[in-house]
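Student: Structure provided below as structure tokens; questions to follow.
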Amino acid sequence: MSKLADALANLDEDEVRRLVREKIDAGVDPMAIVVECRKGMDIVGERYKSKDYFLSELIISGEMFKEAMAVVEPMLKAGMQSEPISKMVLATAKGDIHNIGKDIVGTLLTAAGFEVHDLGIDVAPGIIVEKLVETGAPILGMSGLLTPSFESMKETVEAVEAAGLRGRVKVIVGGGIVTERVGKYVGADAFTNDASEGVDICRRFAKEAK
């Protein structure tokens with residue numbers, strides 16, 4: 001495990017800040033920094049599942065990740081092609097305030113060349129539909145770590161269909177407790193619990209949309 005991943009996993013905020021700046025100054029590929037931070041977050045997730053970490057540690061690590069990405073993302077965008085691969089609307093479903101997984105996916109999608117419209121947490125179906133109409137995005141990604149979010153995801157897919165957008169919008173859902181069965185229940189086109197796999201699925205959706 002790299003020093004950066006280890007520092008993030010151990011919630012050492014000052015060390016994470018120092019290592020990120022050190023790597024940027026040394027000309028390290030910003031995507032490599034993202035990957036290291038993601039590995040640290042994966043360890044945080046494992047410790048949370050094993051009850052070595054609790055919600056407070058999850059929140060702290062999420063804020064540390066966001067701070068690191070705020071430094072790295074301008075460099076990622078500077079290296080992107082002028083035209084995005086595709087547009088993407090991203091949100092944590094209504095009734096859920098978890099954002100770590102969503103933020104990781106959003107960063108990886110940005111690095112992959114997507115134009116990401118992140119609506120944040122606890123987002124109502126109507127707001128998501130409005131953003132899909134406004135942006136013309138052909139892909140919707142929803143995240144959830146709480147069981148009540150499943151109903152919100154389902155309601156959102158139904159709202160997308162009611163708005164006449166379902167024929168052109170692909171839906172992917174994810175989160176720690178999201179399974180294939182959940183994906184089918186909410187009416188999604190795909191599900192994943194792996195951020196990198198999520199990017200690959202969105203790349204496929206983008207090709208299909210063209």
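The chains in the structure tokens are called A, B, ... from first to last as shown; in each chain the residues are counted from 1, and the ligands are counted from 1 in the order shown.
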If we count only C-alpha atoms and set the cut-off at 10 Å, which residues sit around Glu115 (chain A), ignoring sequence neighbours fewer than 6 positions away in its own chain? Please answer as JSON, numbers by chain.
Tutor: {"A": [77, 83, 84, 85, 86, 87, 88, 89, 106, 109, 135, 137]}
Student: Compile the contact shell of Glu158 (chain A) as a PyMOL selection string: residues with an atom at most 12 Å away, counting only C-alpha atoms, same-chain residues fewer than 3 positions apart removed.
Tutor: chain A and resi 125-126+128-129+151-155+161-166+171+185-188
Student: Write out as a compact mmCIF listing (two decimals) with C-alpha atoms, in the first residue's frame which residues come within 12 Å of region 12-17 of chain A when counting only C-alpha atoms, dropping same-chain ones fewer than 6 positions away.
Tutor:
```
# COMPACT_ATOMS: atom_id res chain seq x y z
CA SER A 2 1.29 3.46 -0.90
CA LYS A 3 2.02 6.08 1.75
CA LEU A 4 -0.88 8.20 0.48
CA ALA A 5 -3.39 5.33 0.60
CA ASP A 6 -2.11 4.41 4.06
CA LYS A 23 3.16 14.39 -5.71
CA ILE A 24 1.71 17.29 -7.67
CA ILE A 33 -3.04 10.24 -7.21
CA GLU A 36 -4.03 5.92 -4.55
CA CYS A 37 -6.72 7.89 -2.74
CA GLY A 40 -7.23 4.34 0.80
CA GLU A 57 -14.61 7.88 10.57
CA ILE A 60 -13.93 12.23 8.14
CA SER A 61 -12.37 10.10 5.41
CA GLY A 62 -14.94 11.38 2.92
CA GLU A 63 -14.05 14.98 3.69
CA MET A 64 -10.34 14.18 3.36
CA PHE A 65 -10.96 12.56 -0.02
CA LYS A 66 -12.97 15.56 -1.22
CA GLU A 67 -10.22 17.94 -0.13
CA ALA A 68 -7.60 15.91 -2.00
CA MET A 69 -9.76 15.75 -5.13
CA ALA A 70 -10.38 19.51 -5.01
CA VAL A 71 -6.63 19.90 -5.53
CA VAL A 72 -6.31 17.20 -8.19
```
Student: List the spatial neighbours of Met31 (chain A) as a list in words - criterion: any atom at most 10 Å away, only C-alpha atoms, same-chain residues fewer than 5 positions off excluded.
Tutor: Glu36, Cys37, Val72, Glu73, Met75, Leu76, Thr107, Leu108, Ala111 and Ala112 of chain A
Student: I want to know what sits within 10 Å of Ile121 (chain A), based on only C-alpha atoms, with residues of the same chain fewer than 5 positions away left out; could you give that as a list in words?
Tutor: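 Skipping anything fewer than 5 positions along the chain leaves Leu90, Ala91, Thr92, Ala93, Lys94, Gly95, Asp96, Ile97, His98, Asn99, Lys102, Met142, Ser143 and Gly144 of chain A.
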Student: Mind dumping the selected residues with N, CA and C atoms as an mmCIF file, in the first residue's frame?
Tutor:
```
data_model
loop_
_atom_site.group_PDB
_atom_site.id
_atom_site.type_symbol
_atom_site.label_atom_id
_atom_site.label_comp_id
_atom_site.auth_asym_id
_atom_site.auth_seq_id
_atom_site.Cartn_x
_atom_site.Cartn_y
_atom_site.Cartn_z
ATOM 1 N N LEU A 90 -25.290 12.635 -11.813
ATOM 2 C CA LEU A 90 -24.924 11.777 -10.687
ATOM 3 C C LEU A 90 -25.598 12.294 -9.421
ATOM 4 N N ALA A 91 -26.116 11.384 -8.589
ATOM 5 C CA ALA A 91 -26.788 11.819 -7.361
ATOM 6 C C ALA A 91 -26.884 10.678 -6.364
ATOM 7 N N THR A 92 -26.898 11.042 -5.083
ATOM 8 C CA THR A 92 -27.295 10.100 -4.038
ATOM 9 C C THR A 92 -28.799 10.234 -3.894
ATOM 10 N N ALA A 93 -29.499 9.110 -3.928
ATOM 11 C CA ALA A 93 -30.961 9.111 -3.966
ATOM 12 C C ALA A 93 -31.587 9.761 -2.734
ATOM 13 N N LYS A 94 -32.818 10.229 -2.897
ATOM 14 C CA LYS A 94 -33.584 10.836 -1.817
ATOM 15 C C LYS A 94 -33.631 9.904 -0.604
ATOM 16 N N GLY A 95 -33.416 10.481 0.584
ATOM 17 C CA GLY A 95 -33.454 9.686 1.802
ATOM 18 C C GLY A 95 -32.109 9.145 2.232
ATOM 19 N N ASP A 96 -31.048 9.452 1.465
ATOM 20 C CA ASP A 96 -29.707 8.953 1.791
ATOM 21 C C ASP A 96 -28.722 10.117 1.735
ATOM 22 N N ILE A 97 -27.852 10.192 2.732
ATOM 23 C CA ILE A 97 -26.895 11.307 2.778
ATOM 24 C C ILE A 97 -25.453 10.853 2.581
ATOM 25 N N HIS A 98 -25.250 9.596 2.186
ATOM 26 C CA HIS A 98 -23.888 9.103 1.968
ATOM 27 C C HIS A 98 -23.365 9.584 0.610
ATOM 28 N N ASN A 99 -22.132 10.035 0.595
ATOM 29 C CA ASN A 99 -21.607 10.587 -0.663
ATOM 30 C C ASN A 99 -20.225 10.066 -1.050
ATOM 31 N N LYS A 102 -20.195 7.928 -4.265
ATOM 32 C CA LYS A 102 -20.577 8.801 -5.382
ATOM 33 C C LYS A 102 -19.437 9.730 -5.766
ATOM 34 N N MET A 142 -27.055 6.701 -9.873
ATOM 35 C CA MET A 142 -27.588 6.941 -8.527
ATOM 36 C C MET A 142 -26.897 6.043 -7.520
ATOM 37 N N SER A 143 -26.622 6.616 -6.346
ATOM 38 C CA SER A 143 -25.950 5.885 -5.283
ATOM 39 C C SER A 143 -26.842 5.809 -4.055
ATOM 40 N N GLY A 144 -26.680 4.731 -3.295
ATOM 41 C CA GLY A 144 -27.427 4.593 -2.055
ATOM 42 C C GLY A 144 -26.784 3.580 -1.131
#
```
Student: So which one's closest to Ile201 (chain A), A:Asp189, A:Glu180, A:Asp103, A:Glu134? Using only C-alpha atoms, please.
Tutor: A:Asp189
Student: Using backbone DSSP assignments, extract all helix (DSSP H, G or I) residues from chain A; output them as a PyMOL selection string.
Tutor: chain A and resi 3-9+13-25+30-49+55-78+100-111+125-135+148-162+180-186+195-209
Student: What gap, in Å, lies between CA of Lys210 (chain A) and CA of Asp118 (chain A)?
Tutor: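 Atom-to-atom, CA of Lys210 (chain A) and CA of Asp118 (chain A) are spaced 22.1 Å apart.
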Student: Between A:Glu22, A:Glu46, A:Glu208, A:Asp52, which is the closest to Arg168 (chain A) once you count only C-alpha atoms?
Tutor: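 The closest residue to Arg168 (chain A) is A:Glu208.
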Student: Please, which residues of chain A, numbered as in this document, come out strand (DSSP E or B) from DSSP, as a VMD selection string?
Tutor: chain A and resid 87 to 93 115 to 118 123 139 to 143 170 to 174 190 to 192
Student: So, counting only C-alpha atoms, which residue among A:Phe150, A:Tyr48, A:Phe114, A:Phe205 is closest to Ile172 (chain A)?
Tutor: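 Going through A:Phe150, A:Tyr48, A:Phe114, A:Phe205 one by one, the smallest distance to Ile172 (chain A) is for A:Phe205.
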Student: Go through A:Val20, A:Gly174, A:Ala7, A:Asn193 one by one, measure the shortest atom-to-atom distance of each to Lys39 (chain A) using only C-alpha atoms, and give the residue with the smallest value.
Tutor: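 Comparing A:Val20, A:Gly174, A:Ala7, A:Asn193 against Lys39 (chain A), the winner is A:Ala7.
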Student: Near Arg38 (chain A), within 10 Å and counting only C-alpha atoms, which residues show up once chain neighbours fewer than 3 positions away are dropped, as a count of residues only?
Tutor: 20
Student: What does the distance between CA of Pro138 (chain A) and CA of Val169 (chain A) come to in Å, to one decimal place?
Tutor: 4.4 Å
